[in-house]
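Enquirer: Data file work-v1.cif (mmCIF, C-alpha atoms) is appended below.
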data_input
#
loop_
_atom_site.group_PDB
_atom_site.id
_atom_site.type_symbol
_atom_site.label_atom_id
_atom_site.label_comp_id
_atom_site.auth_asym_id
_atom_site.auth_seq_id
_atom_site.Cartn_x
_atom_site.Cartn_y
_atom_site.Cartn_z
ATOM 1 C CA MET A 24 7.322 -21.280 -35.088
ATOM 2 C CA ALA A 25 8.645 -20.572 -31.599
ATOM 3 C CA GLU A 26 7.337 -22.668 -28.731
ATOM 4 C CA ILE A 27 4.520 -20.944 -26.849
ATOM 5 C CA THR A 28 5.490 -21.502 -23.236
ATOM 6 C CA ALA A 29 3.871 -20.155 -20.084
ATOM 7 C CA GLY A 30 6.950 -17.972 -19.652
ATOM 8 C CA ARG A 31 6.472 -16.327 -23.063
ATOM 9 C CA VAL A 32 2.792 -15.747 -22.341
ATOM 10 C CA LYS A 33 3.726 -14.157 -19.010
ATOM 11 C CA GLU A 34 6.360 -11.964 -20.690
ATOM 12 C CA LEU A 35 3.832 -10.689 -23.220
ATOM 13 C CA ARG A 36 1.319 -10.042 -20.464
ATOM 14 C CA GLU A 37 3.895 -7.972 -18.544
ATOM 15 C CA ILE A 38 4.604 -5.954 -21.693
ATOM 16 C CA THR A 39 0.974 -5.280 -22.603
ATOM 17 C CA GLY A 40 -0.936 -5.520 -19.326
ATOM 18 C CA LEU A 41 -3.551 -7.729 -21.007
ATOM 19 C CA GLY A 42 -5.015 -11.085 -19.973
ATOM 20 C CA MET A 43 -3.249 -14.441 -20.196
ATOM 21 C CA MET A 44 -5.690 -15.907 -22.744
ATOM 22 C CA GLU A 45 -5.505 -12.835 -24.973
ATOM 23 C CA CYS A 46 -1.711 -13.019 -24.903
ATOM 24 C CA LYS A 47 -1.693 -16.760 -25.635
ATOM 25 C CA LYS A 48 -4.010 -16.340 -28.639
ATOM 26 C CA ALA A 49 -1.908 -13.470 -29.958
ATOM 27 C CA LEU A 50 1.261 -15.565 -29.668
ATOM 28 C CA GLU A 51 -0.412 -18.439 -31.499
ATOM 29 C CA GLU A 52 -1.511 -16.077 -34.267
ATOM 30 C CA ALA A 53 1.985 -14.572 -34.451
ATOM 31 C CA GLY A 54 3.725 -17.956 -34.557
ATOM 32 C CA GLY A 55 5.285 -17.427 -31.149
ATOM 33 C CA ASP A 56 6.925 -14.111 -32.058
ATOM 34 C CA ILE A 57 6.508 -11.806 -29.049
ATOM 35 C CA LYS A 58 7.083 -8.597 -31.017
ATOM 36 C CA LYS A 59 4.485 -9.527 -33.638
ATOM 37 C CA ALA A 60 2.075 -10.656 -30.913
ATOM 38 C CA GLU A 61 2.473 -7.310 -29.183
ATOM 39 C CA GLU A 62 1.707 -5.519 -32.443
ATOM 40 C CA LEU A 63 -1.419 -7.633 -32.916
ATOM 41 C CA LEU A 64 -2.606 -6.805 -29.422
ATOM 42 C CA ARG A 65 -1.924 -3.122 -29.963
ATOM 43 C CA ILE A 66 -4.059 -3.212 -33.104
ATOM 44 C CA LYS A 67 -6.882 -5.103 -31.390
ATOM 45 C CA SER A 68 -6.788 -3.435 -27.989
ATOM 46 C CA GLY A 69 -5.508 0.027 -28.800
ATOM 47 C CA ALA A 70 -2.013 1.462 -28.588
ATOM 48 C CA LYS A 71 -2.740 3.144 -25.265
ATOM 49 C CA ALA A 72 -2.457 -0.033 -23.227
ATOM 50 C CA SER A 73 0.721 -1.286 -24.868
ATOM 51 C CA LYS A 74 3.589 -1.487 -22.404
ATOM 52 C CA ALA A 75 1.338 -0.130 -19.649
ATOM 53 C CA ALA A 76 2.255 -2.927 -17.278
ATOM 54 C CA SER A 77 5.960 -2.146 -17.579
ATOM 55 C CA ARG A 78 5.470 1.377 -16.265
ATOM 56 C CA VAL A 79 5.735 2.045 -12.554
ATOM 57 C CA ALA A 80 2.372 2.677 -10.902
ATOM 58 C CA ALA A 81 3.391 4.417 -7.688
ATOM 59 C CA ASP A 82 0.545 6.886 -7.398
ATOM 60 C CA GLY A 83 -3.124 6.097 -6.857
ATOM 61 C CA ALA A 84 -5.526 6.124 -3.942
ATOM 62 C CA VAL A 85 -6.739 4.199 -0.920
ATOM 63 C CA ALA A 86 -10.451 3.354 -0.974
ATOM 64 C CA THR A 87 -12.381 2.499 2.176
ATOM 65 C CA TRP A 88 -15.553 0.594 3.077
ATOM 66 C CA GLN A 89 -17.359 0.043 6.346
ATOM 67 C CA SER A 90 -20.325 -2.181 7.101
ATOM 68 C CA PRO A 91 -23.599 -0.468 8.109
ATOM 69 C CA ASP A 92 -23.308 -1.897 11.638
ATOM 70 C CA GLY A 93 -19.773 -0.528 11.967
ATOM 71 C CA LYS A 94 -18.308 -3.950 12.772
ATOM 72 C CA VAL A 95 -16.172 -4.506 9.658
ATOM 73 C CA ALA A 96 -13.990 -2.131 7.639
ATOM 74 C CA ALA A 97 -11.668 -2.515 4.671
ATOM 75 C CA LEU A 98 -8.929 -0.472 3.000
ATOM 76 C CA VAL A 99 -7.638 -1.118 -0.525
ATOM 77 C CA GLU A 100 -4.673 0.500 -2.274
ATOM 78 C CA VAL A 101 -5.070 0.778 -6.041
ATOM 79 C CA ASN A 102 -2.118 2.234 -7.914
ATOM 80 C CA ALA A 103 -1.859 4.284 -11.083
ATOM 81 C CA GLU A 104 0.995 6.117 -12.748
ATOM 82 C CA THR A 105 -0.237 9.636 -12.046
ATOM 83 C CA ASP A 106 -2.317 11.529 -9.519
ATOM 84 C CA PHE A 107 -4.492 12.751 -12.387
ATOM 85 C CA VAL A 108 -5.774 9.236 -13.038
ATOM 86 C CA ALA A 109 -6.268 8.649 -9.312
ATOM 87 C CA LYS A 110 -8.909 11.393 -9.445
ATOM 88 C CA ASN A 111 -10.711 9.805 -12.400
ATOM 89 C CA PRO A 112 -14.318 8.820 -11.426
ATOM 90 C CA ASP A 113 -13.998 5.392 -13.096
ATOM 91 C CA PHE A 114 -10.787 4.702 -11.188
ATOM 92 C CA GLN A 115 -12.371 5.781 -7.906
ATOM 93 C CA GLN A 116 -15.469 3.670 -8.554
ATOM 94 C CA PHE A 117 -13.272 0.629 -9.240
ATOM 95 C CA ALA A 118 -11.294 1.163 -6.026
ATOM 96 C CA ALA A 119 -14.470 1.621 -3.976
ATOM 97 C CA ALA A 120 -15.935 -1.602 -5.397
ATOM 98 C CA LEU A 121 -12.775 -3.475 -4.397
ATOM 99 C CA ALA A 122 -12.941 -2.158 -0.837
ATOM 100 C CA GLU A 123 -16.523 -3.391 -0.575
ATOM 101 C CA LEU A 124 -15.548 -6.840 -1.910
ATOM 102 C CA VAL A 125 -12.748 -7.112 0.647
ATOM 103 C CA GLY A 126 -15.007 -6.026 3.476
ATOM 104 C CA LYS A 127 -17.888 -8.341 2.591
ATOM 105 C CA HIS A 128 -16.032 -11.438 1.367
ATOM 106 C CA ASN A 129 -12.625 -11.376 3.108
ATOM 107 C CA PRO A 130 -10.432 -12.722 0.262
ATOM 108 C CA ALA A 131 -7.198 -14.470 1.240
ATOM 109 C CA ASP A 132 -4.980 -12.217 -0.883
ATOM 110 C CA VAL A 133 -4.872 -9.954 -3.939
ATOM 111 C CA GLU A 134 -4.839 -12.967 -6.253
ATOM 112 C CA ALA A 135 -8.082 -14.265 -4.708
ATOM 113 C CA LEU A 136 -9.577 -10.775 -4.971
ATOM 114 C CA SER A 137 -8.722 -10.634 -8.687
ATOM 115 C CA HIS A 138 -11.026 -13.602 -9.353
ATOM 116 C CA MET A 139 -14.023 -12.071 -7.568
ATOM 117 C CA LYS A 140 -16.666 -10.334 -9.630
ATOM 118 C CA ILE A 141 -17.804 -6.749 -10.091
ATOM 119 C CA GLY A 142 -21.049 -6.483 -12.045
ATOM 120 C CA GLY A 143 -20.671 -9.879 -13.706
ATOM 121 C CA GLU A 144 -16.978 -9.543 -14.638
ATOM 122 C CA THR A 145 -13.913 -10.505 -12.648
ATOM 123 C CA VAL A 146 -11.860 -7.851 -10.923
ATOM 124 C CA GLU A 147 -8.963 -8.632 -13.277
ATOM 125 C CA ALA A 148 -11.119 -8.249 -16.388
ATOM 126 C CA THR A 149 -12.497 -4.970 -15.036
ATOM 127 C CA ARG A 150 -8.957 -3.758 -14.301
ATOM 128 C CA GLN A 151 -7.824 -4.568 -17.836
ATOM 129 C CA LYS A 152 -10.740 -2.648 -19.345
ATOM 130 C CA LEU A 153 -9.885 0.310 -17.142
ATOM 131 C CA VAL A 154 -6.282 0.217 -18.372
ATOM 132 C CA GLN A 155 -7.565 0.275 -21.954
ATOM 133 C CA LYS A 156 -9.945 3.141 -21.264
ATOM 134 C CA ILE A 157 -7.639 5.344 -19.206
ATOM 135 C CA GLY A 158 -4.305 4.507 -20.835
ATOM 136 C CA GLU A 159 -2.209 4.067 -17.697
ATOM 137 C CA ASN A 160 -1.009 1.036 -15.809
ATOM 138 C CA ILE A 161 -3.383 0.311 -12.942
ATOM 139 C CA SER A 162 -2.663 -2.302 -10.289
ATOM 140 C CA VAL A 163 -4.357 -3.602 -7.171
ATOM 141 C CA ARG A 164 -1.496 -3.645 -4.692
ATOM 142 C CA ARG A 165 -2.786 -4.633 -1.246
ATOM 143 C CA PHE A 166 -5.621 -4.414 1.225
ATOM 144 C CA GLU A 167 -6.383 -4.476 4.948
ATOM 145 C CA ARG A 168 -9.502 -5.694 6.731
ATOM 146 C CA ILE A 169 -10.473 -5.353 10.377
ATOM 147 C CA GLU A 170 -13.327 -6.664 12.504
ATOM 148 C CA ALA A 171 -14.286 -4.581 15.518
ATOM 149 C CA LYS A 172 -13.941 -5.478 19.179
ATOM 150 C CA GLY A 173 -15.000 -1.950 20.081
ATOM 151 C CA LYS A 174 -16.113 0.620 17.496
ATOM 152 C CA LEU A 175 -14.513 1.313 14.136
ATOM 153 C CA VAL A 176 -13.723 4.882 13.109
ATOM 154 C CA GLN A 177 -12.099 5.887 9.808
ATOM 155 C CA TYR A 178 -9.935 8.788 8.788
ATOM 156 C CA VAL A 179 -9.055 9.458 5.148
ATOM 157 C CA HIS A 180 -6.479 12.167 4.598
ATOM 158 C CA PRO A 181 -7.456 14.722 1.906
ATOM 159 C CA GLY A 182 -6.468 13.317 -1.483
ATOM 160 C CA SER A 183 -7.066 9.712 -0.388
ATOM 161 C CA LYS A 184 -3.330 9.000 -0.189
ATOM 162 C CA ILE A 185 -3.514 7.837 3.439
ATOM 163 C CA ALA A 186 -6.414 6.032 5.078
ATOM 164 C CA VAL A 187 -6.690 4.779 8.644
ATOM 165 C CA VAL A 188 -9.266 2.772 10.555
ATOM 166 C CA VAL A 189 -9.069 2.322 14.330
ATOM 167 C CA ASP A 190 -10.880 -0.105 16.614
ATOM 168 C CA LEU A 191 -11.437 1.693 19.907
ATOM 169 C CA GLU A 192 -13.605 1.627 23.019
ATOM 170 C CA GLY A 193 -14.345 5.221 23.930
ATOM 171 C CA ALA A 194 -15.486 8.499 22.445
ATOM 172 C CA GLU A 195 -15.552 8.852 18.661
ATOM 173 C CA ALA A 196 -13.582 12.097 18.936
ATOM 174 C CA VAL A 197 -10.749 10.215 20.664
ATOM 175 C CA ALA A 198 -10.785 7.563 17.921
ATOM 176 C CA LYS A 199 -10.562 10.321 15.278
ATOM 177 C CA ASP A 200 -7.598 11.883 17.080
ATOM 178 C CA VAL A 201 -5.805 8.523 17.227
ATOM 179 C CA ALA A 202 -6.510 7.898 13.535
ATOM 180 C CA MET A 203 -5.106 11.313 12.605
ATOM 181 C CA HIS A 204 -2.044 10.655 14.755
ATOM 182 C CA ILE A 205 -1.465 7.349 12.913
ATOM 183 C CA ALA A 206 -1.765 9.105 9.542
ATOM 184 C CA PHE A 207 0.892 11.571 10.705
ATOM 185 C CA ALA A 208 3.315 9.244 12.547
ATOM 186 C CA LYS A 209 2.789 5.974 10.635
ATOM 187 C CA PRO A 210 3.769 3.691 13.556
ATOM 188 C CA ARG A 211 5.168 0.275 12.639
ATOM 189 C CA PHE A 212 3.643 -1.434 15.693
ATOM 190 C CA MET A 213 0.888 -0.722 18.206
ATOM 191 C CA SER A 214 2.766 -1.693 21.379
ATOM 192 C CA ARG A 215 6.128 -3.053 22.516
ATOM 193 C CA ASN A 216 4.664 -6.541 22.833
ATOM 194 C CA GLU A 217 4.040 -6.614 19.079
ATOM 195 C CA VAL A 218 7.596 -5.726 18.048
ATOM 196 C CA ASP A 219 9.464 -8.584 16.405
ATOM 197 C CA PRO A 220 12.370 -9.623 18.723
ATOM 198 C CA GLN A 221 14.681 -9.626 15.700
ATOM 199 C CA VAL A 222 13.908 -5.947 15.064
ATOM 200 C CA ILE A 223 14.958 -5.166 18.642
ATOM 201 C CA ALA A 224 18.065 -7.374 18.375
ATOM 202 C CA ASP A 225 19.182 -5.634 15.176
ATOM 203 C CA GLU A 226 18.758 -2.187 16.709
ATOM 204 C CA LYS A 227 20.531 -3.275 19.896
ATOM 205 C CA LYS A 228 23.523 -4.485 17.879
ATOM 206 C CA ILE A 229 23.834 -1.061 16.247
ATOM 207 C CA LEU A 230 23.502 0.740 19.585
ATOM 208 C CA GLU A 231 26.111 -1.512 21.230
ATOM 209 C CA ALA A 232 28.626 -0.830 18.460
ATOM 210 C CA ARG A 233 27.970 2.905 18.706
ATOM 211 C CA ALA A 234 28.223 2.944 22.513
ATOM 212 C CA ALA A 235 31.431 0.892 22.492
ATOM 213 C CA GLU A 236 33.152 3.616 20.486
ATOM 214 C CA SER A 237 32.510 6.096 23.306
ATOM 215 C CA GLY A 238 35.192 4.441 25.429
ATOM 216 C CA LYS A 239 32.999 4.559 28.535
ATOM 217 C CA PRO A 240 32.984 1.803 31.189
ATOM 218 C CA PRO A 241 30.909 -1.337 30.402
ATOM 219 C CA GLU A 242 28.213 -0.490 32.970
ATOM 220 C CA ILE A 243 27.710 2.949 31.380
ATOM 221 C CA VAL A 244 27.658 1.382 27.909
ATOM 222 C CA ALA A 245 24.940 -1.041 29.061
ATOM 223 C CA LYS A 246 22.809 1.862 30.314
ATOM 224 C CA MET A 247 23.348 3.773 27.069
ATOM 225 C CA VAL A 248 22.186 0.753 25.067
ATOM 226 C CA GLU A 249 19.153 0.238 27.308
ATOM 227 C CA GLY A 250 18.180 3.888 26.974
ATOM 228 C CA GLY A 251 18.654 3.725 23.207
ATOM 229 C CA VAL A 252 16.444 0.645 22.889
ATOM 230 C CA ASN A 253 13.713 2.288 24.952
ATOM 231 C CA LYS A 254 13.835 5.402 22.796
ATOM 232 C CA PHE A 255 13.731 3.295 19.638
ATOM 233 C CA LEU A 256 10.678 1.343 20.850
ATOM 234 C CA ALA A 257 8.889 4.566 21.769
ATOM 235 C CA GLU A 258 9.472 5.894 18.251
ATOM 236 C CA ILE A 259 8.139 2.851 16.370
ATOM 237 C CA THR A 260 5.185 1.931 18.620
ATOM 238 C CA LEU A 261 1.946 3.879 18.504
ATOM 239 C CA LEU A 262 1.213 3.769 22.231
ATOM 240 C CA GLY A 263 4.728 4.964 23.082
ATOM 241 C CA GLN A 264 4.823 7.899 20.668
ATOM 242 C CA PRO A 265 4.289 11.492 21.812
ATOM 243 C CA PHE A 266 0.671 12.342 20.980
ATOM 244 C CA VAL A 267 0.552 14.616 17.939
ATOM 245 C CA LYS A 268 -1.900 17.069 19.587
ATOM 246 C CA ASP A 269 0.034 17.195 22.870
ATOM 247 C CA ASP A 270 3.624 15.957 22.717
ATOM 248 C CA LYS A 271 3.946 16.234 26.494
ATOM 249 C CA GLN A 272 2.074 12.927 26.816
ATOM 250 C CA THR A 273 2.209 9.635 24.953
ATOM 251 C CA VAL A 274 -0.708 8.197 23.016
ATOM 252 C CA GLN A 275 -1.143 5.633 25.800
ATOM 253 C CA LYS A 276 -1.391 8.333 28.477
ATOM 254 C CA MET A 277 -3.858 10.293 26.357
ATOM 255 C CA LEU A 278 -6.038 7.184 26.007
ATOM 256 C CA ASP A 279 -5.843 6.535 29.752
ATOM 257 C CA SER A 280 -6.897 10.096 30.514
ATOM 258 C CA GLN A 281 -9.890 9.694 28.189
ATOM 259 C CA LYS A 282 -10.785 6.276 29.648
ATOM 260 C CA SER A 283 -10.408 4.755 26.180
ATOM 261 C CA LYS A 284 -8.894 1.479 24.995
ATOM 262 C CA LEU A 285 -7.379 0.852 21.581
ATOM 263 C CA HIS A 286 -7.918 -2.688 20.287
ATOM 264 C CA GLY A 287 -6.179 -2.280 16.947
ATOM 265 C CA TYR A 288 -5.807 -0.297 13.755
ATOM 266 C CA ARG A 289 -5.006 -0.617 10.063
ATOM 267 C CA PHE A 290 -3.606 1.971 7.672
ATOM 268 C CA LEU A 291 -2.318 2.226 4.122
ATOM 269 C CA VAL A 292 -0.146 4.887 2.498
ATOM 270 C CA VAL A 293 -0.230 5.084 -1.291
ATOM 271 C CA GLY A 294 3.048 4.096 -2.916
ATOM 272 C CA ALA A 295 4.866 3.317 0.344
ATOM 273 C CA GLY A 296 7.831 1.117 -0.519
ATOM 274 C CA ILE A 297 7.481 1.513 -4.298
ATOM 275 C CA GLU A 298 10.578 2.878 -5.988
ATOM 276 C CA LYS A 299 9.543 5.737 -8.240
ATOM 277 C CA LYS A 300 11.533 6.307 -11.379
ATOM 278 C CA GLN A 301 13.172 9.723 -11.306
ATOM 279 C CA SER A 302 13.560 11.378 -14.671
ATOM 280 C CA ASP A 303 15.976 14.157 -15.574
ATOM 281 C CA PHE A 304 14.000 16.283 -18.041
ATOM 282 C CA ALA A 305 16.979 18.449 -19.006
ATOM 283 C CA ALA A 306 19.106 15.367 -19.729
ATOM 284 C CA GLU A 307 16.317 13.842 -21.819
ATOM 285 C CA VAL A 308 15.987 17.013 -23.915
ATOM 286 C CA ALA A 309 19.774 17.172 -24.386
ATOM 287 C CA ALA A 310 19.839 13.541 -25.490
ATOM 288 C CA MET A 311 17.035 14.143 -27.987
ATOM 289 C CA ALA A 312 18.816 17.210 -29.373
ATOM 290 C CA LYS A 313 22.030 15.226 -29.781
ATOM 291 C CA THR A 314 20.194 12.451 -31.611
ATOM 292 C CA ALA A 315 18.459 14.952 -33.898
ATOM 293 C CA ALA A 316 21.799 16.561 -34.718
#
Translate this file's structure into structure tokens.

Expert:
Amino acid sequence: MAEITAGRVKELREITGLGMMECKKALEEAGGDIKKAEELLRIKSGAKASKAASRVAADGAVATWQSPDGKVAALVEVNAETDFVAKNPDFQQFAAALAELVGKHNPADVEALSHMKIGGETVEATRQKLVQKIGENISVRRFERIEAKGKLVQYVHPGSKIAVVVDLEGAEAVAKDVAMHIAFAKPRFMSRNEVDPQVIADEKKILEARAAESGKPPEIVAKMVEGGVNKFLAEITLLGQPFVKDDKQTVQKMLDSQKSKLHGYRFLVVGAGIEKKQSDFAAEVAAMAKTAA
């Protein structure tokens, strides 16, 4: 009998997508043999969920919640393998329940959220049941929560792939415009003051190397670098970006003209940063034909 270590339990959980205790019991029943334990779990839980956790869940949706008084809002990204599942009512209900939990209880992280309860069961237990029912890997990836200094306004792009909430003093129409701009431009920072100095230093190093190759005098090189840094900061900061509805003015100038003040914002884009596996269908068919021959 192989030793049943925490590592083996974790490995089986990653293969099946099932709970730690279920995996431990299966390993005990299988004498520590991971393959046999997986087969046992497939028999007990259904073949659909087997290996679900090893598949990339890069699709999904962002669910939103806002308190009745408009002072707190939450965004949660829940991933699935396909857009089809993201439109499933059970999936959407699960995501919406998570957004409400985040908004009302402010968990420290996704791990803390997984231990909270939905209708008497933990989030993790509910997720596992959903995996069994739907047959795809489903994961709770991240969330954002914001408390208002002004007024919160949400924008959810059709399809629920991008969701934005802004905290703004001013007209609701202005807040909506800013939220739509964020969904389009996806700024990394709100203002120059928020940019990490290291980000600026790294960009400056690249600009200096590029400018040095021009062969121009040092004073001209310095001005080229300064101009490049300013352009870079305008591109990555919301307030410095050309406003999407009128690119002749920046977002900051638009806000000033509307006598509005932006306190902050949060946004999530489904699958951002997740490497999606690209499959070559023709190559797969050729490989199958070769094997059959």

Enquirer: Extract, using only C-alpha atoms, all DNA, RNA and protein residues at most 12 Å from A:Glu195, discarding same-chain residues fewer than 4 positions from it, and format them as a list in words.

Expert: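 Once the adjacent positions are removed, what remains is Gly173, Lys174, Leu175, Val176, Gln177, Tyr178, Val188, Val189, Asp190, Leu191, Lys199, Asp200, Val201, Ala202, Gln281, Ser283, Lys284 and Leu285 of chain A.
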
Enquirer: Give me the residues within 9 Å of stretch 134-140 of chain A as a list of chain:residue names, counting only C-alpha atoms and dropping any in the same chain fewer than 6 places off.

Expert: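 So, after excluding close chain neighbours, the residues are A:Leu121, A:Leu124, A:Val125, A:Val146, A:Glu147, A:Ala148, A:Thr149, A:Arg150, A:Val163.
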
Enquirer: Go through A:Val252, A:Met203, A:Val244, A:Ile297 and flag the residue nearest A:Ala232, using only C-alpha atoms for the distances.

Expert: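 Closest residue, counting only C-alpha atoms: A:Val244.
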
Enquirer: Record the distance separating atom CA of A:Gly250 and atom CA of A:Asp279, expressed in Å with one decimal.

Expert: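 One can read the atom CA of A:Gly250 to atom CA of A:Asp279 distance as 24.3 Å.
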
Enquirer: Name the residues in contact with A:Arg165 at a cut-off of 8 Å, using all atoms listed in the file, excluding same-chain residues fewer than 3 positions from it; report them as a PyMOL selection string.

Expert: chain A and resi 99-101+132-133

Enquirer: Apply the PyMOL selection byres ((chain A and resi 204-207) around 9) to the structure shown and report the selected residues as number ranges by chain.

Expert: A: 178-180, 185-187, 199-203, 208-210, 261, 266-268, 274, 288, 290-292

Enquirer: Which residue, A:Pro241, A:Gly193, A:Glu51, A:Gln116, has the smallest gap to A:Ala25 when you use only C-alpha atoms?

Expert: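 Nearest candidate to A:Ala25 out of A:Pro241, A:Gly193, A:Glu51, A:Gln116: A:Glu51.
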
Enquirer: May I ask for the distance between atom CA of A:Gly42 and atom CA of A:Phe107, given in Å to one decimal place?

Expert: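 Atom CA of A:Gly42 sits 25.0 Å away from atom CA of A:Phe107.
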
Enquirer: Give as a PDB file with C-alpha atoms, in the coordinates of the input the residues that the PyMOL selection byres ((chain A and resi 214-223) around 7) matches when applied to the coordinates above.

Expert:
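Final output, saved to out-v3.pdb:
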ATOM      1  CA  PHE A 212       3.643  -1.434  15.693  1.00  0.00           C
ATOM      2  CA  MET A 213       0.888  -0.722  18.206  1.00  0.00           C
ATOM      3  CA  ALA A 224      18.065  -7.374  18.375  1.00  0.00           C
ATOM      4  CA  ASP A 225      19.182  -5.634  15.176  1.00  0.00           C
ATOM      5  CA  GLU A 226      18.758  -2.187  16.709  1.00  0.00           C
ATOM      6  CA  LYS A 227      20.531  -3.275  19.896  1.00  0.00           C
ATOM      7  CA  LEU A 256      10.678   1.343  20.850  1.00  0.00           C
ATOM      8  CA  THR A 260       5.185   1.931  18.620  1.00  0.00           C
ATOM      9  CA  LEU A 261       1.946   3.879  18.504  1.00  0.00           C
ATOM     10  CA  LEU A 262       1.213   3.769  22.231  1.00  0.00           C
TER      11      LEU A 262
END

Enquirer: Counting all atoms listed in the file, which residue out of A:Met247, A:Ala295, A:Ala194, A:Ala97 sits closest to A:Lys282?

Expert: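 Closest to A:Lys282, using all atoms listed in the file: A:Ala194.
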
Enquirer: Can you list, as a VMD selection string, the residues that the PyMOL selection byres ((chain A and resi 105) around 10) selects here?

Expert: chain A and resid 79 to 83 102 to 104 106 to 110 159 to 161

Enquirer: Write to file, as a compact mmCIF listing (two decimals), keeping the file's coordinate frame, the residues of the selection just made, with C-alpha atoms.

Expert:
# COMPACT_ATOMS: atom_id res chain seq x y z
CA VAL A 79 5.74 2.04 -12.55
CA ALA A 80 2.37 2.68 -10.90
CA ALA A 81 3.39 4.42 -7.69
CA ASP A 82 0.55 6.89 -7.40
CA GLY A 83 -3.12 6.10 -6.86
CA ASN A 102 -2.12 2.23 -7.91
CA ALA A 103 -1.86 4.28 -11.08
CA GLU A 104 1.00 6.12 -12.75
CA ASP A 106 -2.32 11.53 -9.52
CA PHE A 107 -4.49 12.75 -12.39
CA VAL A 108 -5.77 9.24 -13.04
CA ALA A 109 -6.27 8.65 -9.31
CA LYS A 110 -8.91 11.39 -9.44
CA GLU A 159 -2.21 4.07 -17.70
CA ASN A 160 -1.01 1.04 -15.81
CA ILE A 161 -3.38 0.31 -12.94

Enquirer: At what distance in Å, to one decimal, does atom CA of A:Val293 lie from atom CA of A:Pro181?

Expert: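 Atom CA of A:Val293 lies at a distance of 12.5 Å from atom CA of A:Pro181.
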